[in-house]
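Data first, discussion second: the structure below is written as structure tokens.
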Amino acid sequence: MASRKEYPLCLEIGCGRGIGAEIIVKQFGAQKVIATDIDPYMIEIAKKHLRPELRDKIEFRTADAMAIDEPDEKFDAVFSFGVIHHMEDWRKALKEVSRVLKSKGEFFFEEFLRPFIRAFTLASHPRGGEFGFEEFREELKNNGIDIINVRRFGNIGIIGVGRKG
């Protein structure tokens, strides 16, 4: 989902190898991205592969998305590229996303849905991280975020953006 709006300060939860952080800078006009992952090893990989021209724009940190160590209403946008469903308490993660998102800030998400996860997960996967589209939308709404654009792929997944009121 390309964007015409710019988001100066962004947070990415579950950054993995750091590819998403680069996309956020290039496609969303971010001047600064705080890219986090709960796994310190992934943060080290991301730092190692960060292109020199992006070092002043992307900061990698080890952090838990269910307890984001940032002040309220700090970020213009928060991004989650297929991460929320990996969390034991996905509702808590969405509450944290809303807390750190500025008023009128936007939450960009890409997620697999419960039927797909149950059908195709080969390794153990936290059952607490499973949800359907309606559950996800309702939880966002409960936290003051309304979906403004979403593309559903049947019961497989969703890609969308929500805006905090």
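In the structure tokens, each chain is lettered A, B, ... as it comes, each chain's residues begin at 1, and ligands are numbered from 1 in order of appearance.
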**Study point:** Residues within 10 Å of Trp90 (chain A), only C-alpha atoms, excluding chain neighbours under 2 positions, as a list in words
**Key:**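 Residues near the query, excluding close chain neighbours: Ala65, Met66, Val83, Ile84, His85, His86, Met87, Glu88, Lys92, Ala93, Leu94, Lys95, Glu96, Gly128, Gly129, Glu130, Phe131, Phe136 and Glu139 of chain A.
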Just C-alpha atoms for this one: save the residues we selected as an mmCIF file, in the first residue's frame.
data_model
loop_
_atom_site.group_PDB
_atom_site.id
_atom_site.type_symbol
_atom_site.label_atom_id
_atom_site.label_comp_id
_atom_site.auth_asym_id
_atom_site.auth_seq_id
_atom_site.Cartn_x
_atom_site.Cartn_y
_atom_site.Cartn_z
ATOM 1 C CA ALA A 65 5.584 -4.894 21.417
ATOM 2 C CA MET A 66 3.337 -5.788 24.350
ATOM 3 C CA VAL A 83 3.941 -9.771 13.534
ATOM 4 C CA ILE A 84 0.833 -9.353 15.723
ATOM 5 C CA HIS A 85 -0.304 -12.957 15.209
ATOM 6 C CA HIS A 86 2.992 -14.180 16.731
ATOM 7 C CA MET A 87 2.155 -12.649 20.115
ATOM 8 C CA GLU A 88 0.591 -14.481 23.030
ATOM 9 C CA LYS A 92 -2.256 -6.053 24.581
ATOM 10 C CA ALA A 93 -0.013 -5.315 21.590
ATOM 11 C CA LEU A 94 -2.806 -3.380 19.838
ATOM 12 C CA LYS A 95 -3.448 -1.423 23.033
ATOM 13 C CA GLU A 96 0.239 -0.466 23.078
ATOM 14 C CA GLY A 128 -3.189 -16.595 21.908
ATOM 15 C CA GLY A 129 -2.081 -14.822 18.743
ATOM 16 C CA GLU A 130 -4.851 -16.141 16.537
ATOM 17 C CA PHE A 131 -7.723 -13.917 15.461
ATOM 18 C CA PHE A 136 -9.025 -7.696 14.864
ATOM 19 C CA GLU A 139 -10.048 -4.676 18.986
#
Exercise for review: Please identify all polymer residues within 6 Å of Val100 (chain A), counting only C-alpha atoms, omitting same-chain residues fewer than 4 positions from it, and present them as a VMD selection string.
Suggested key: chain A and resid 72 to 74
With C-alpha atoms retained, could you export that selection as a PDB file, in the first residue's frame?
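Contents of the output file selection.pdb:
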ATOM      1  CA  ASP A  72       2.206   8.172  24.868  1.00  0.00           C
ATOM      2  CA  GLU A  73       1.317   9.649  21.473  1.00  0.00           C
ATOM      3  CA  LYS A  74       4.897   9.797  20.171  1.00  0.00           C
TER       4      LYS A  74
END
Residues of region 43-72 of chain A within 9 Å of region 20-33 of chain A: nearest atom pair and distance (Å, one decimal) for each, counting only C-alpha atoms, sorted by chain and number, as CSV?
residue,atom,partner,partner_atom,distance
A:Leu50,CA,A:Glu22,CA,8.5
A:Arg51,CA,A:Glu22,CA,8.9
A:Leu54,CA,A:Glu22,CA,7.7
A:Asp56,CA,A:Lys32,CA,7.7
A:Lys57,CA,A:Lys32,CA,4.5
A:Ile58,CA,A:Val33,CA,4.8
A:Glu59,CA,A:Val33,CA,6.2
A:Phe60,CA,A:Val33,CA,8.3
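For the atom pair formed by CA of Asp39 (chain A) and CA of Cys15 (chain A), the distance is 9.6 Å, given to one decimal.
Minimum distance to Pro71 (chain A) across A:Lys102, A:Glu44, A:Gly162, A:His49 (counting only C-alpha atoms) occurs at A:Lys102.
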Can you list, as a JSON list (two decimals) with C-alpha atoms, in the first residue's frame, every residue of region 19-146 of chain A that DSSP puts in alpha helix (DSSP H)?
[["chain", "number", "residue", "atom", "x", "y", "z"],
["A", 19, "ILE", "CA", 13.80, -4.82, 5.49],
["A", 20, "GLY", "CA", 10.50, -3.24, 6.57],
["A", 21, "ALA", "CA", 12.31, -0.27, 8.14],
["A", 22, "GLU", "CA", 13.92, 0.50, 4.78],
["A", 23, "ILE", "CA", 10.51, 0.35, 3.09],
["A", 24, "ILE", "CA", 9.10, 2.75, 5.69],
["A", 25, "VAL", "CA", 11.85, 5.31, 4.94],
["A", 26, "LYS", "CA", 11.55, 4.99, 1.16],
["A", 27, "GLN", "CA", 7.79, 4.64, 0.71],
["A", 28, "PHE", "CA", 6.38, 6.59, 3.65],
["A", 40, "PRO", "CA", 18.29, -9.51, 20.10],
["A", 41, "TYR", "CA", 19.80, -11.78, 17.44],
["A", 42, "MET", "CA", 17.46, -10.33, 14.78],
["A", 43, "ILE", "CA", 18.40, -6.80, 15.87],
["A", 44, "GLU", "CA", 22.09, -7.64, 15.41],
["A", 45, "ILE", "CA", 21.40, -9.01, 11.93],
["A", 46, "ALA", "CA", 19.39, -5.89, 11.04],
["A", 47, "LYS", "CA", 22.18, -3.58, 12.26],
["A", 48, "LYS", "CA", 24.77, -5.55, 10.32],
["A", 49, "HIS", "CA", 22.82, -5.31, 7.05],
["A", 90, "TRP", "CA", -2.27, -9.66, 20.57],
["A", 91, "ARG", "CA", -4.88, -7.46, 22.23],
["A", 92, "LYS", "CA", -2.26, -6.05, 24.58],
["A", 93, "ALA", "CA", -0.01, -5.32, 21.59],
["A", 94, "LEU", "CA", -2.81, -3.38, 19.84],
["A", 95, "LYS", "CA", -3.45, -1.42, 23.03],
["A", 96, "GLU", "CA", 0.24, -0.47, 23.08],
["A", 97, "VAL", "CA", 0.14, 0.51, 19.40],
["A", 98, "SER", "CA", -2.75, 2.86, 20.13],
["A", 99, "ARG", "CA", -1.04, 4.29, 23.21],
["A", 100, "VAL", "CA", 2.15, 5.32, 21.37],
["A", 114, "ARG", "CA", -6.79, -17.75, 12.25],
["A", 115, "PRO", "CA", -7.95, -20.21, 9.54],
["A", 116, "PHE", "CA", -4.71, -19.85, 7.60],
["A", 117, "ILE", "CA", -2.53, -20.12, 10.70],
["A", 118, "ARG", "CA", -4.30, -23.26, 11.88],
["A", 119, "ALA", "CA", -4.16, -24.89, 8.46],
["A", 120, "PHE", "CA", -0.56, -24.14, 7.56],
["A", 133, "PHE", "CA", -10.79, -10.22, 10.77],
["A", 134, "GLU", "CA", -13.83, -9.09, 12.78],
["A", 135, "GLU", "CA", -12.02, -9.69, 16.09],
["A", 136, "PHE", "CA", -9.03, -7.70, 14.86],
["A", 137, "ARG", "CA", -11.17, -4.82, 13.61],
["A", 138, "GLU", "CA", -13.19, -4.74, 16.84],
["A", 139, "GLU", "CA", -10.05, -4.68, 18.99],
["A", 140, "LEU", "CA", -8.62, -1.81, 16.96],
["A", 141, "LYS", "CA", -11.91, 0.06, 17.39],
["A", 142, "ASN", "CA", -11.87, -0.63, 21.15]]
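Picture a line from CA of Phe109 (chain A) to CA of Arg55 (chain A); it runs 24.3 Å.
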Point to revise | Gly105 (chain A) environment, 8 Å, only C-alpha atoms, sequence neighbours closer than 5 positions dropped, as a list of chain:residue names | key: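 So, after excluding close chain neighbours, the residues are A:Phe75, A:Asp76, A:Ala77, A:Arg163, A:Lys164.
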Review point. What residues in chain A get the DSSP label strand (DSSP E)? Please answer as a PyMOL selection string.
Key: chain A and resi 9-13+32-37+58-62+75-81+101-112+145-153+157-164
Review point. Separation of CA of Gly16 (chain A) and CA of Ser103 (chain A), in Å?
Key: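 One can read the CA of Gly16 (chain A) to CA of Ser103 (chain A) distance as 27.2 Å.
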Check your understanding: Looking at A:Glu53, A:Glu111, A:Glu106, A:Asp37, which one is nearest to Val161 (chain A), with distances taken over only C-alpha atoms?
Key ->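 Looking at the shortest contact to Val161 (chain A), the residue is A:Glu106.
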Review point. With only C-alpha atoms as the basis for distance, which of A:Gly18, A:Gly132, A:Ile68, A:Ile34 is at the shortest distance from Gly154 (chain A)?
Key: A:Gly132
